[in-house]
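*Asks:* Handing over coords39.cif, mmCIF, C-alpha atoms.
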data_structure
#
loop_
_atom_site.label_atom_id
_atom_site.label_comp_id
_atom_site.auth_asym_id
_atom_site.auth_seq_id
_atom_site.Cartn_x
_atom_site.Cartn_y
_atom_site.Cartn_z
CA MET A 1 85.90 105.75 126.18
CA ASN A 2 88.69 107.90 124.81
CA ASP A 3 89.06 111.53 125.69
CA LEU A 4 90.30 112.11 122.17
CA ILE A 5 90.37 110.24 118.88
CA ILE A 6 92.89 111.42 116.32
CA VAL A 7 92.15 110.51 112.74
CA GLY A 8 95.30 110.71 110.61
CA ALA A 9 98.84 109.63 111.49
CA GLY A 10 100.85 112.30 109.70
CA PRO A 11 102.85 115.07 111.38
CA ALA A 12 99.70 116.88 112.62
CA GLY A 13 98.03 113.79 114.09
CA LEU A 14 101.20 112.44 115.72
CA SER A 15 102.08 115.79 117.25
CA ALA A 16 98.51 116.16 118.54
CA SER A 17 98.85 112.77 120.22
CA ILE A 18 102.17 113.63 121.89
CA TYR A 19 100.66 116.79 123.36
CA ALA A 20 97.42 115.06 124.34
CA SER A 21 99.30 112.27 126.09
CA ARG A 22 101.31 114.76 128.09
CA TYR A 23 98.04 116.45 129.05
CA LYS A 24 96.99 112.98 130.25
CA LEU A 25 94.15 112.78 127.75
CA LYS A 26 93.39 109.17 126.85
CA ASN A 27 93.87 109.16 123.09
CA VAL A 28 94.22 106.87 120.11
CA VAL A 29 95.58 107.54 116.62
CA ILE A 30 94.06 105.96 113.51
CA GLY A 31 95.87 106.10 110.18
CA LYS A 32 97.33 103.59 107.78
CA LEU A 33 100.56 105.44 107.04
CA ILE A 34 102.58 106.56 110.06
CA GLY A 35 104.15 109.83 108.97
CA GLY A 36 101.65 110.43 106.19
CA THR A 37 102.97 112.35 103.21
CA MET A 38 106.33 112.75 104.97
CA THR A 39 107.10 109.09 104.30
CA LEU A 40 107.39 109.98 100.61
CA ALA A 41 110.14 112.57 101.08
CA HIS A 42 113.51 111.07 100.19
CA LYS A 43 115.42 113.72 102.07
CA VAL A 44 114.19 116.18 104.69
CA GLU A 45 116.52 118.97 105.70
CA ASN A 46 114.19 121.57 107.18
CA ILE A 47 113.02 119.78 110.32
CA PRO A 48 114.88 121.39 113.22
CA GLY A 49 117.07 118.87 115.03
CA PHE A 50 118.04 116.85 111.97
CA LEU A 51 120.68 117.92 109.47
CA SER A 52 119.34 115.48 106.93
CA ILE A 53 116.94 112.58 107.37
CA ALA A 54 114.76 110.41 105.15
CA GLY A 55 111.08 111.23 105.65
CA LEU A 56 110.36 107.63 106.56
CA ASP A 57 113.07 107.46 109.24
CA TRP A 58 111.75 110.66 110.75
CA ALA A 59 108.19 109.31 110.71
CA GLN A 60 109.29 106.16 112.52
CA LYS A 61 110.95 108.20 115.26
CA VAL A 62 107.83 110.27 115.80
CA GLY A 63 105.70 107.12 115.74
CA GLU A 64 107.92 105.65 118.45
CA GLN A 65 107.54 108.78 120.51
CA VAL A 66 103.76 108.51 120.29
CA LYS A 67 103.75 104.81 121.26
CA ASN A 68 106.25 105.42 124.03
CA LEU A 69 103.63 107.60 125.68
CA GLY A 70 101.32 104.60 125.78
CA VAL A 71 99.21 105.38 122.73
CA GLU A 72 98.09 102.81 120.21
CA ILE A 73 98.30 103.69 116.52
CA LEU A 74 95.70 101.71 114.58
CA GLY A 75 97.21 101.18 111.14
CA GLU A 76 94.08 101.40 109.11
CA ASN A 77 91.67 103.84 107.50
CA VAL A 78 88.54 105.24 109.05
CA GLY A 79 85.36 104.32 107.23
CA ARG A 80 82.85 106.53 109.01
CA ILE A 81 82.56 109.20 111.71
CA GLU A 82 79.29 109.81 113.50
CA LYS A 83 78.15 112.16 116.19
CA ALA A 84 77.23 110.40 119.41
CA ALA A 85 75.55 111.56 122.61
CA THR A 86 78.89 111.86 124.39
CA GLY A 87 81.05 112.95 121.49
CA PHE A 88 81.99 110.99 118.39
CA LYS A 89 81.85 107.42 117.17
CA VAL A 90 84.45 106.24 114.69
CA MET A 91 84.21 103.10 112.58
CA THR A 92 87.39 101.85 110.99
CA GLU A 93 87.42 100.03 107.67
CA SER A 94 87.83 96.71 109.47
CA GLU A 95 84.68 97.67 111.42
CA LYS A 96 86.39 98.36 114.71
CA GLU A 97 84.29 100.84 116.67
CA LEU A 98 85.78 103.55 118.87
CA GLU A 99 84.25 106.32 120.91
CA GLY A 100 85.79 109.60 121.89
CA LYS A 101 84.62 112.68 123.70
CA THR A 102 86.53 114.84 121.24
CA LEU A 103 88.05 114.29 117.83
CA ILE A 104 90.90 115.76 115.83
CA ILE A 105 90.79 115.26 112.11
CA ALA A 106 94.23 115.34 110.50
CA THR A 107 93.80 113.33 107.33
CA GLY A 108 95.79 115.74 105.20
CA THR A 109 95.50 115.63 101.47
CA GLU A 110 95.22 112.99 98.80
CA ARG A 111 97.43 113.17 95.75
CA ARG A 112 95.97 115.21 92.95
CA LYS A 113 95.26 113.15 89.87
CA LEU A 114 95.51 114.79 86.46
CA LYS A 115 92.43 112.91 85.22
CA ILE A 116 93.81 112.54 81.73
CA PRO A 117 93.75 109.50 79.44
CA GLY A 118 96.51 107.01 80.21
CA GLU A 119 97.04 108.07 83.81
CA LYS A 120 95.12 105.18 85.33
CA GLU A 121 95.94 102.68 82.61
CA TYR A 122 99.69 103.08 83.01
CA LEU A 123 99.86 103.31 86.81
CA GLY A 124 102.72 101.03 87.79
CA LYS A 125 103.72 100.77 84.13
CA GLY A 126 105.60 104.04 84.05
CA VAL A 127 103.15 106.33 85.82
CA SER A 128 104.02 106.91 89.47
CA TYR A 129 103.14 109.23 92.33
CA CYS A 130 106.24 108.43 94.40
CA THR A 131 109.71 109.43 93.22
CA THR A 132 111.33 108.00 96.37
CA CYS A 133 109.78 104.60 95.65
CA ASP A 134 110.21 104.40 91.93
CA ALA A 135 113.03 106.65 90.67
CA PRO A 136 115.54 103.76 90.78
CA PHE A 137 113.44 101.86 88.20
CA PHE A 138 114.32 104.52 85.64
CA ARG A 139 118.07 104.12 85.54
CA ASP A 140 119.34 105.57 82.23
CA LYS A 141 115.77 106.30 81.12
CA ARG A 142 113.86 109.44 80.14
CA VAL A 143 111.45 110.69 82.77
CA ALA A 144 109.19 113.70 83.35
CA LEU A 145 107.95 115.23 86.57
CA ILE A 146 104.58 116.95 86.30
CA GLY A 147 104.27 119.90 88.66
CA GLY A 148 106.42 122.78 89.84
CA ALA A 149 106.32 123.01 93.64
CA ASP A 150 108.61 121.42 96.25
CA ALA A 151 107.67 117.80 95.67
CA ALA A 152 108.12 118.08 91.89
CA VAL A 153 111.47 119.87 92.01
CA ALA A 154 112.91 117.79 94.88
CA GLY A 155 111.64 114.70 93.08
CA ALA A 156 113.32 115.79 89.84
CA VAL A 157 116.64 116.27 91.63
CA HIS A 158 116.34 112.81 93.18
CA THR A 159 115.28 111.18 89.90
CA ALA A 160 118.24 112.76 88.09
CA GLU A 161 120.52 110.58 90.25
CA PHE A 162 119.26 107.63 88.22
CA ALA A 163 117.69 108.74 84.95
CA GLN A 164 119.48 109.75 81.80
CA LYS A 165 117.19 112.74 81.21
CA VAL A 166 114.69 114.42 83.48
CA PHE A 167 112.06 116.96 82.40
CA ILE A 168 109.90 119.09 84.62
CA ILE A 169 106.69 119.96 82.80
CA TYR A 170 104.90 122.81 84.51
CA ARG A 171 101.80 124.78 83.65
CA ARG A 172 103.17 128.10 84.96
CA ASP A 173 106.06 130.25 83.77
CA GLN A 174 108.10 129.86 86.95
CA LEU A 175 108.85 127.01 89.36
CA ARG A 176 107.77 127.70 92.92
CA ALA A 177 109.83 125.37 95.07
CA GLU A 178 112.09 126.22 98.01
CA PRO A 179 115.07 128.20 96.67
CA ILE A 180 117.45 125.56 98.01
CA TRP A 181 115.79 122.92 95.80
CA LEU A 182 115.68 125.32 92.85
CA GLU A 183 119.41 125.80 93.17
CA GLU A 184 119.94 122.03 93.11
CA TRP A 185 117.71 121.68 90.06
CA GLN A 186 119.45 124.54 88.25
CA LYS A 187 122.72 122.66 88.71
CA THR A 188 121.11 119.65 87.03
CA GLU A 189 119.84 121.88 84.25
CA THR A 190 123.28 123.21 83.47
CA THR A 191 124.23 119.68 82.50
CA ASP A 192 122.36 118.04 79.67
CA LYS A 193 120.41 116.00 82.18
CA GLY A 194 117.68 118.36 83.32
CA LYS A 195 115.22 120.53 81.41
CA THR A 196 112.15 122.50 82.48
CA ILE A 197 109.31 122.92 80.01
CA TYR A 198 107.23 125.90 81.15
CA ASN A 199 103.65 126.98 80.39
CA THR A 200 102.76 123.48 79.31
CA ASN A 201 100.21 120.88 80.36
CA ILE A 202 100.19 117.23 79.48
CA THR A 203 96.91 116.13 77.98
CA GLU A 204 97.50 112.40 77.62
CA ILE A 205 99.93 109.72 78.74
CA LEU A 206 100.85 107.56 75.80
CA GLY A 207 101.87 103.92 75.89
CA ASP A 208 102.12 100.70 73.94
CA GLY A 209 99.76 98.77 76.21
CA ASP A 210 102.57 97.43 78.41
CA ARG A 211 104.35 100.61 79.32
CA VAL A 212 104.55 104.37 78.98
CA THR A 213 106.14 105.65 75.78
CA GLY A 214 105.51 109.39 76.09
CA VAL A 215 103.12 112.23 76.75
CA LYS A 216 101.04 114.56 74.63
CA LEU A 217 101.63 118.28 75.26
CA ASP A 218 99.24 121.19 74.83
CA GLN A 219 102.15 123.39 73.62
CA ALA A 220 104.67 122.19 71.09
CA TYR A 221 108.13 121.54 72.52
CA GLN A 222 110.95 121.67 69.97
CA GLY A 223 108.32 121.64 67.27
CA LYS A 224 106.54 118.50 68.47
CA ASP A 225 103.39 118.07 70.53
CA THR A 226 104.53 114.74 71.95
CA LEU A 227 107.52 113.98 74.14
CA GLU A 228 109.09 110.53 74.26
CA LEU A 229 109.41 109.23 77.81
CA ASP A 230 109.76 106.02 79.81
CA GLY A 231 108.24 107.35 82.99
CA VAL A 232 105.92 110.05 84.28
CA PHE A 233 105.92 111.13 87.92
CA ILE A 234 102.86 113.13 88.90
CA GLU A 235 103.57 115.65 91.65
CA ALA A 236 100.70 118.05 91.15
CA GLY A 237 99.93 118.70 94.81
CA GLY A 238 97.09 117.47 96.95
CA VAL A 239 93.36 117.77 97.48
CA PRO A 240 92.03 117.86 101.06
CA ALA A 241 90.77 114.46 102.24
CA THR A 242 87.44 115.55 103.68
CA SER A 243 85.10 112.79 102.51
CA LEU A 244 84.62 111.64 106.15
CA LEU A 245 83.51 115.10 107.19
CA THR A 246 80.85 116.03 104.68
CA PRO A 247 78.14 113.86 106.30
CA LEU A 248 78.83 115.55 109.65
CA GLY A 249 78.17 119.02 108.29
CA VAL A 250 81.68 120.31 108.91
CA LYS A 251 82.15 123.67 107.26
CA LEU A 252 84.59 123.64 104.34
CA THR A 253 86.02 126.53 102.36
CA GLU A 254 85.44 126.89 98.63
CA PRO A 255 88.46 124.77 97.56
CA GLY A 256 87.40 122.12 100.10
CA TYR A 257 89.62 122.74 103.12
CA VAL A 258 88.26 122.51 106.67
CA GLN A 259 87.55 125.95 108.01
CA VAL A 260 89.18 126.35 111.43
CA THR A 261 89.68 129.13 113.96
CA GLU A 262 93.10 130.10 115.31
CA LEU A 263 92.51 127.42 117.96
CA MET A 264 91.88 124.75 115.32
CA GLU A 265 88.17 124.55 116.13
CA THR A 266 85.74 123.56 113.40
CA ASN A 267 82.11 124.64 113.43
CA LEU A 268 81.23 121.46 115.42
CA PRO A 269 81.88 121.62 119.16
CA GLY A 270 84.50 119.04 120.20
CA LEU A 271 85.72 118.51 116.65
CA PHE A 272 89.09 120.00 115.79
CA ALA A 273 91.23 119.83 112.67
CA ALA A 274 94.97 120.20 112.07
CA GLY A 275 97.52 120.02 109.29
CA ASP A 276 97.22 120.09 105.51
CA ILE A 277 93.46 119.52 105.62
CA THR A 278 92.78 122.93 107.18
CA ASP A 279 92.36 126.27 105.46
CA LYS A 280 95.06 127.64 107.80
CA SER A 281 97.65 125.34 106.21
CA ALA A 282 97.54 127.49 103.07
CA VAL A 283 100.04 129.83 104.72
CA LEU A 284 102.78 127.20 104.64
CA VAL A 285 102.23 123.55 103.76
CA GLN A 286 104.99 122.02 105.83
CA ALA A 287 105.39 119.31 108.47
CA VAL A 288 106.55 121.85 111.00
CA THR A 289 103.38 123.96 110.64
CA ALA A 290 101.20 120.84 110.67
CA MET A 291 102.85 119.76 113.93
CA ALA A 292 102.22 123.16 115.46
CA GLN A 293 98.58 122.94 114.47
CA GLY A 294 98.36 119.45 115.95
CA ALA A 295 99.70 120.74 119.26
CA ILE A 296 97.22 123.62 119.28
CA ALA A 297 94.34 121.26 118.44
CA ALA A 298 95.33 119.00 121.37
CA ALA A 299 95.41 122.01 123.71
CA SER A 300 92.00 123.05 122.44
CA ALA A 301 90.62 119.55 123.05
CA TYR A 302 91.98 119.77 126.59
CA LYS A 303 90.27 123.09 127.12
CA TYR A 304 87.03 121.74 125.72
CA LEU A 305 87.12 118.73 128.06
CA LYS A 306 88.36 120.37 131.22
CA GLY A 307 86.79 123.77 130.84
CA GLU A 308 90.12 125.47 131.39
CA LYS A 309 93.14 126.34 129.30
CA ALA A 310 95.83 123.71 128.80
CA PRO A 311 98.78 124.23 131.12
CA GLN A 312 101.78 125.88 129.52
CA ILE A 313 105.17 127.01 130.69
CA LEU A 314 104.70 130.60 129.68
CA GLY A 315 101.06 130.71 130.63
CA THR A 316 101.30 134.17 132.11
CA GLU A 317 98.44 136.52 132.30
CA GLU A 318 100.03 138.69 129.67
CA ASN A 319 100.13 135.79 127.22
CA SER A 320 96.50 134.98 127.86
CA LYS A 321 95.60 138.57 127.15
CA LYS A 322 97.56 138.45 123.93
CA GLN A 323 95.67 135.39 122.88
CA ALA A 324 92.36 136.98 123.70
CA THR A 325 92.95 139.89 121.40
CA MET B 1 108.20 85.19 105.21
CA MET B 2 109.95 83.51 102.34
CA GLU B 3 112.45 85.60 100.38
CA LEU B 4 112.30 84.99 96.63
CA THR B 5 115.34 85.13 94.36
CA ASP B 6 116.21 84.25 90.77
CA LYS B 7 117.10 80.81 92.12
CA ASN B 8 113.92 79.76 93.89
CA PHE B 9 111.30 81.73 91.92
CA GLN B 10 110.63 78.91 89.47
CA LYS B 11 110.09 76.31 92.17
CA GLU B 12 108.29 78.38 94.79
CA VAL B 13 106.05 80.45 92.51
CA LEU B 14 105.72 79.01 89.04
CA GLU B 15 105.63 75.37 90.11
CA GLU B 16 103.31 75.93 93.09
CA THR B 17 100.08 74.23 92.09
CA GLU B 18 98.36 73.73 95.45
CA ILE B 19 97.63 77.30 96.58
CA PRO B 20 97.94 80.84 95.16
CA VAL B 21 101.17 82.75 95.83
CA PHE B 22 101.06 86.33 97.09
CA ILE B 23 104.27 88.21 96.29
CA ASP B 24 105.24 91.49 97.92
CA LEU B 25 107.67 93.35 95.66
CA TYR B 26 109.66 95.88 97.66
CA ALA B 27 112.98 97.64 98.14
CA ASP B 28 114.72 99.13 101.15
CA TRP B 29 114.52 102.64 99.71
CA CYS B 30 110.71 102.62 99.53
CA GLY B 31 108.83 104.14 102.46
CA PRO B 32 105.35 102.80 101.79
CA CYS B 33 106.89 99.32 101.32
CA LYS B 34 108.14 99.44 104.90
CA MET B 35 104.65 100.29 106.06
CA ALA B 36 103.20 97.46 103.99
CA ALA B 37 105.63 94.79 105.25
CA PRO B 38 104.20 94.19 108.76
CA VAL B 39 100.65 94.26 107.35
CA ILE B 40 101.55 91.55 104.85
CA GLU B 41 103.34 89.51 107.56
CA LYS B 42 100.08 89.55 109.50
CA LEU B 43 98.04 88.49 106.47
CA ALA B 44 100.50 85.64 105.95
CA GLU B 45 99.62 84.36 109.43
CA GLU B 46 95.89 84.82 108.91
CA TYR B 47 95.81 83.04 105.57
CA ALA B 48 98.37 80.36 106.41
CA GLY B 49 97.62 77.19 104.46
CA LYS B 50 95.26 78.99 102.07
CA MET B 51 97.76 81.22 100.34
CA LYS B 52 101.53 81.24 100.20
CA PHE B 53 103.18 84.56 101.01
CA ALA B 54 106.61 85.60 99.78
CA LYS B 55 108.60 88.76 99.24
CA LEU B 56 110.88 89.84 96.46
CA ASP B 57 113.55 92.53 96.81
CA VAL B 58 113.49 94.24 93.40
CA ASP B 59 116.86 95.86 94.06
CA LYS B 60 118.58 92.51 94.51
CA ASN B 61 116.56 90.79 91.77
CA PRO B 62 116.24 93.33 88.96
CA HIS B 63 115.79 90.64 86.30
CA LEU B 64 112.60 89.36 87.87
CA ALA B 65 111.28 92.88 88.35
CA GLN B 66 111.95 93.60 84.69
CA LYS B 67 110.53 90.33 83.50
CA TYR B 68 107.23 91.12 85.20
CA HIS B 69 107.31 94.80 84.15
CA VAL B 70 107.36 96.12 87.70
CA MET B 71 108.13 99.85 87.58
CA SER B 72 106.49 100.95 90.78
CA ILE B 73 106.54 99.69 94.34
CA PRO B 74 105.01 98.57 96.59
CA THR B 75 103.39 96.18 94.15
CA VAL B 76 101.84 92.84 94.96
CA ILE B 77 101.30 90.13 92.39
CA ILE B 78 99.29 87.01 93.02
CA PHE B 79 100.15 83.91 91.01
CA GLN B 80 97.98 80.85 90.60
CA ARG B 81 99.28 77.72 88.90
CA GLY B 82 102.21 79.64 87.52
CA GLU B 83 100.16 82.48 86.07
CA GLU B 84 99.74 86.03 87.24
CA ILE B 85 96.09 86.56 88.17
CA LYS B 86 96.08 89.77 90.23
CA ARG B 87 98.27 92.82 90.61
CA MET B 88 98.03 95.89 92.81
CA THR B 89 100.32 98.91 92.91
CA GLY B 90 100.58 101.23 95.92
CA PHE B 91 99.84 100.54 99.58
CA PRO B 92 96.07 100.11 99.99
CA GLY B 93 96.10 99.29 103.73
CA LYS B 94 95.23 95.91 105.22
CA GLU B 95 91.64 95.96 103.97
CA GLY B 96 92.80 96.68 100.44
CA TYR B 97 94.99 93.59 100.42
CA GLN B 98 92.27 91.56 102.11
CA LYS B 99 89.79 92.48 99.39
CA LEU B 100 92.26 91.35 96.75
CA ILE B 101 92.83 88.04 98.53
CA GLU B 102 89.13 87.42 99.11
CA GLU B 103 88.44 87.95 95.42
CA ILE B 104 90.49 84.81 94.85
CA LEU B 105 89.69 82.72 97.89
CA GLY B 106 86.05 83.81 97.87
#
Represent the structure from my file as structure tokens, please.
*Replies:*
Amino acid sequence: MNDLIIVGAGPAGLSASIYASRYKLKNVVIGKLIGGTMTLAHKVENIPGFLSIAGLDWAQKVGEQVKNLGVEILGENVGRIEKAATGFKVMTESEKELEGKTLIIATGTERRKLKIPGEKEYLGKGVSYCTTCDAPFFRDKRVALIGGADAAVAGAVHTAEFAQKVFIIYRRDQLRAEPIWLEEWQKTETTDKGKTIYNTNITEILGDGDRVTGVKLDQAYQGKDTLELDGVFIEAGGVPATSLLTPLGVKLTEPGYVQVTELMETNLPGLFAAGDITDKSAVLVQAVTAMAQGAIAAASAYKYLKGEKAPQILGTEENSKKQAT
Amino acid sequence: MMELTDKNFQKEVLEETEIPVFIDLYADWCGPCKMAAPVIEKLAEEYAGKMKFAKLDVDKNPHLAQKYHVMSIPTVIIFQRGEEIKRMTGFPGKEGYQKLIEEILG
């Protein structure tokens, strides 16, 4: 029997495991992608301690840290979570059964699909959700990024290293990425290579059957409602991956995020949530905030199991008071 | 696992008539590919004798990637008697690959 089962192996889940292990809680992590969404970042420069690191390399280091503390990471998806007399029962997709007294759900978000004609048909034939993986296939080609937040703008900068022309097509009138990425993209735009098309949606991905040939726009660009392209990268954000939680009766907010308290508690006793899946992540969707939430969730699991607060270096009375208010 | 190149592709894939060939198309720059690799290594052990497993570095073999219209990785392609019969793009986890394999082996 585990003290704690952590579902999700991204920054929140891994950080929760590190803290739980150091609290001597017997825990296990289940998730098919160690590092989660971070593995898709070609360059990460806002994680303290690293000047510049590929998301995947960072994820591997954190994974090692988790395993080094004696924890197994099961590299697969969870199929079902059930309540049990002593906590929770988790069935993985390969039908492995695990039991835990407490559970942290940190399954993050799934990539948002545009749900437009051509998107599914041309996946792998010019449509991609991973610039790090696929930008090099578009050497000297024309490519568009759909979206306007960090992933889209960072992805556009990366893609411009290979492509001949890179468009960002965004539905709003202003990009909303980190200023440091915006600055990089503006440099690309001053050359003929980069161009942002604002206030525009794509309504269809066009192709010749074998590959993408362009997109249809809902606003004319340079007098035409189609744009010729070889590739389309969709970076339109994520939707919370809560399908495992609905049968349990976990309370979600209107857009579908898990509603948590400051201590990462859900409405079910013993069930905690951390990272991009929570409503609290709306403040700042970053690995560093997800990791903080994971740590808090682990401390809350400790408190739930032991009936007392998790030990902490600055656990003075004054701090406890602060927390109580 | 066998590494495919322009040189051995014909013999190892197209001229393989005994069992289907599962090809993992990858590159060093691709994060999800690195996650997929150990999973596929394991499947290669489990299905030894029933399916041949091989990998193809698309960075080192761009002609083959182009020839088979691969524009996204990780992608796996399964060949049978020299013909492509299945293709999957993205990393679906071990069960995802297993499903694909079982569809062929039954």
*Asks:* List every residue of chain A that has an atom at most 6 Å from any atom of chain B, and for each one report the closest atom pair and its distance in Å to one decimal, counting all atoms listed in the file, with rows sorted by chain and then by increasing residue number, as JSON lines.
*Replies:*
{"residue": "A:Thr39", "atom": "CA", "partner": "B:Gly31", "partner_atom": "CA", "distance": 5.6}
{"residue": "A:Leu56", "atom": "CA", "partner": "B:Gly31", "partner_atom": "CA", "distance": 5.6}
{"residue": "A:Gly124", "atom": "CA", "partner": "B:Ser72", "partner_atom": "CA", "distance": 4.8}
{"residue": "A:Lys125", "atom": "CA", "partner": "B:Met71", "partner_atom": "CA", "distance": 5.7}
{"residue": "A:Cys133", "atom": "CA", "partner": "B:Cys30", "partner_atom": "CA", "distance": 4.5}
{"residue": "A:Asp134", "atom": "CA", "partner": "B:Ser72", "partner_atom": "CA", "distance": 5.2}
{"residue": "A:Phe137", "atom": "CA", "partner": "B:Met71", "partner_atom": "CA", "distance": 5.7}
*Asks:* To one decimal place, how far is CA of Gln186 (chain A) from CA of Gly148 (chain A) in Å?
*Replies:*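 Answer for the CA of Gln186 (chain A) to CA of Gly148 (chain A) separation: 13.2 Å.
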*Asks:* Mind checking which residues fall within 8 Å of Ile169 (chain A), counting only C-alpha atoms, ignoring those fewer than 5 positions away in the same chain, and posting them as a short mmCIF file (atom, residue, chain, number, x, y, z; two decimals) with C-alpha atoms, keeping the file's coordinate frame?
*Replies:*
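This is the output file result.cif:
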data_model
loop_
_atom_site.label_atom_id
_atom_site.label_comp_id
_atom_site.auth_asym_id
_atom_site.auth_seq_id
_atom_site.Cartn_x
_atom_site.Cartn_y
_atom_site.Cartn_z
CA ALA A 144 109.19 113.70 83.35
CA LEU A 145 107.95 115.23 86.57
CA ILE A 146 104.58 116.95 86.30
CA GLY A 147 104.27 119.90 88.66
CA GLY A 148 106.42 122.78 89.84
CA THR A 196 112.15 122.50 82.48
CA ILE A 197 109.31 122.92 80.01
CA TYR A 198 107.23 125.90 81.15
CA THR A 200 102.76 123.48 79.31
CA ASN A 201 100.21 120.88 80.36
CA ILE A 202 100.19 117.23 79.48
#
*Asks:* Please write as number ranges by chain the full residue list that the PyMOL selection byres ((chain A and resi 292) around 12) yields on this file.
*Replies:* A: 11-19, 262-264, 273-276, 280-281, 284-291, 293-299
*Asks:* Got time to write the residues from that selection, C-alpha atoms, as a PDB file, keeping the file's coordinate frame?
*Replies:*
ATOM      1  CA  PRO A  11     102.850 115.070 111.380  1.00  0.00           C
ATOM      2  CA  ALA A  12      99.700 116.880 112.620  1.00  0.00           C
ATOM      3  CA  GLY A  13      98.030 113.790 114.090  1.00  0.00           C
ATOM      4  CA  LEU A  14     101.200 112.440 115.720  1.00  0.00           C
ATOM      5  CA  SER A  15     102.080 115.790 117.250  1.00  0.00           C
ATOM      6  CA  ALA A  16      98.510 116.160 118.540  1.00  0.00           C
ATOM      7  CA  SER A  17      98.850 112.770 120.220  1.00  0.00           C
ATOM      8  CA  ILE A  18     102.170 113.630 121.890  1.00  0.00           C
ATOM      9  CA  TYR A  19     100.660 116.790 123.360  1.00  0.00           C
ATOM     10  CA  GLU A 262      93.100 130.100 115.310  1.00  0.00           C
ATOM     11  CA  LEU A 263      92.510 127.420 117.960  1.00  0.00           C
ATOM     12  CA  MET A 264      91.880 124.750 115.320  1.00  0.00           C
ATOM     13  CA  ALA A 273      91.230 119.830 112.670  1.00  0.00           C
ATOM     14  CA  ALA A 274      94.970 120.200 112.070  1.00  0.00           C
ATOM     15  CA  GLY A 275      97.520 120.020 109.290  1.00  0.00           C
ATOM     16  CA  ASP A 276      97.220 120.090 105.510  1.00  0.00           C
ATOM     17  CA  LYS A 280      95.060 127.640 107.800  1.00  0.00           C
ATOM     18  CA  SER A 281      97.650 125.340 106.210  1.00  0.00           C
ATOM     19  CA  LEU A 284     102.780 127.200 104.640  1.00  0.00           C
ATOM     20  CA  VAL A 285     102.230 123.550 103.760  1.00  0.00           C
ATOM     21  CA  GLN A 286     104.990 122.020 105.830  1.00  0.00           C
ATOM     22  CA  ALA A 287     105.390 119.310 108.470  1.00  0.00           C
ATOM     23  CA  VAL A 288     106.550 121.850 111.000  1.00  0.00           C
ATOM     24  CA  THR A 289     103.380 123.960 110.640  1.00  0.00           C
ATOM     25  CA  ALA A 290     101.200 120.840 110.670  1.00  0.00           C
ATOM     26  CA  MET A 291     102.850 119.760 113.930  1.00  0.00           C
ATOM     27  CA  GLN A 293      98.580 122.940 114.470  1.00  0.00           C
ATOM     28  CA  GLY A 294      98.360 119.450 115.950  1.00  0.00           C
ATOM     29  CA  ALA A 295      99.700 120.740 119.260  1.00  0.00           C
ATOM     30  CA  ILE A 296      97.220 123.620 119.280  1.00  0.00           C
ATOM     31  CA  ALA A 297      94.340 121.260 118.440  1.00  0.00           C
ATOM     32  CA  ALA A 298      95.330 119.000 121.370  1.00  0.00           C
ATOM     33  CA  ALA A 299      95.410 122.010 123.710  1.00  0.00           C
TER      34      ALA A 299
END
*Asks:* How far is it from CA of Ile40 (chain B) to CA of Gly100 (chain A), in Å with one decimal?
*Replies:*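 Here the two named atoms are 29.4 Å from each other.
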*Asks:* Residues near Arg81 (chain B), anyone? I mean within 8 Å using only C-alpha atoms, not counting same-chain ones fewer than 6 positions away, as a VMD selection string.
*Replies:* chain B and resid 14 to 20
*Asks:* What is the CA of Ile73 (chain A) to CA of Ala301 (chain A) distance in Å?
*Replies:* 18.8 Å
*Asks:* Choose the residue, out of A:Leu51, A:Ile81, A:Val127, A:Val44, that has the smallest atom-to-atom separation from Leu248 (chain A); count all atoms listed in the file.
*Replies:*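 Using all atoms listed in the file, the shortest distance to Leu248 (chain A) belongs to A:Ile81.
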*Asks:* Identify all residues satisfying the PyMOL selection byres ((chain A and resi 310) around 9) in the given file; provide them as a list in words.
*Replies:*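 On this input, the PyMOL selection byres ((chain A and resi 310) around 9) captures Tyr23, Ala298, Ala299, Ser300, Ala301, Tyr302, Lys303, Lys306, Glu308, Lys309, Pro311, Gln312 and Gly315 of chain A.
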*Asks:* Quick one: of B:Glu12, B:Leu43, B:Leu25, B:Leu100, who's nearest to Lys60 (chain B), counting all atoms listed in the file?
*Replies:*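 Among the listed residues, the smallest separation from Lys60 (chain B) belongs to B:Leu25.
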*Asks:* Hey, can you pull every residue with an atom no more than 10 Å from (100.4, 108.6, 81.3), using all atoms listed in the file, and send it as a PyMOL selection string?
*Replies:* chain A and resi 114-123+125-128+202-207+211-216+229-234
*Asks:* How would you write, as a PyMOL selection string, the residues chosen by the PyMOL selection byres ((chain A and resi 42) around 12) on this structure?
*Replies:* (chain A and resi 37-41+43-45+52-59+130-135+151+154-159) or (chain B and resi 29-32)
*Asks:* Return the single residue from A:Gly223, A:Gly8, A:Gly75, A:Gly194 that is closest to Ala241 (chain A), with distances computed using all atoms listed in the file.
*Replies:*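 Smallest distance to Ala241 (chain A) is found for A:Gly8.
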*Asks:* List the neighbours of Lys67 (chain B) out to 12 Å using all atoms listed in the file; skip same-chain residues closer than 6 positions along the sequence, and give me the result as a list in words.
*Replies:*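 Returned residues: Asp210 of chain A; Asp6, Val58 and Asn61 of chain B.
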*Asks:* Any chance you can output those residues with C-alpha atoms as a PDB file, in the coordinates of the input?
*Replies:*
ATOM      1  CA  ASP A 210     102.570  97.430  78.410  1.00  0.00           C
TER       2      ASP A 210
ATOM      3  CA  ASP B   6     116.210  84.250  90.770  1.00  0.00           C
ATOM      4  CA  VAL B  58     113.490  94.240  93.400  1.00  0.00           C
ATOM      5  CA  ASN B  61     116.560  90.790  91.770  1.00  0.00           C
TER       6      ASN B  61
END
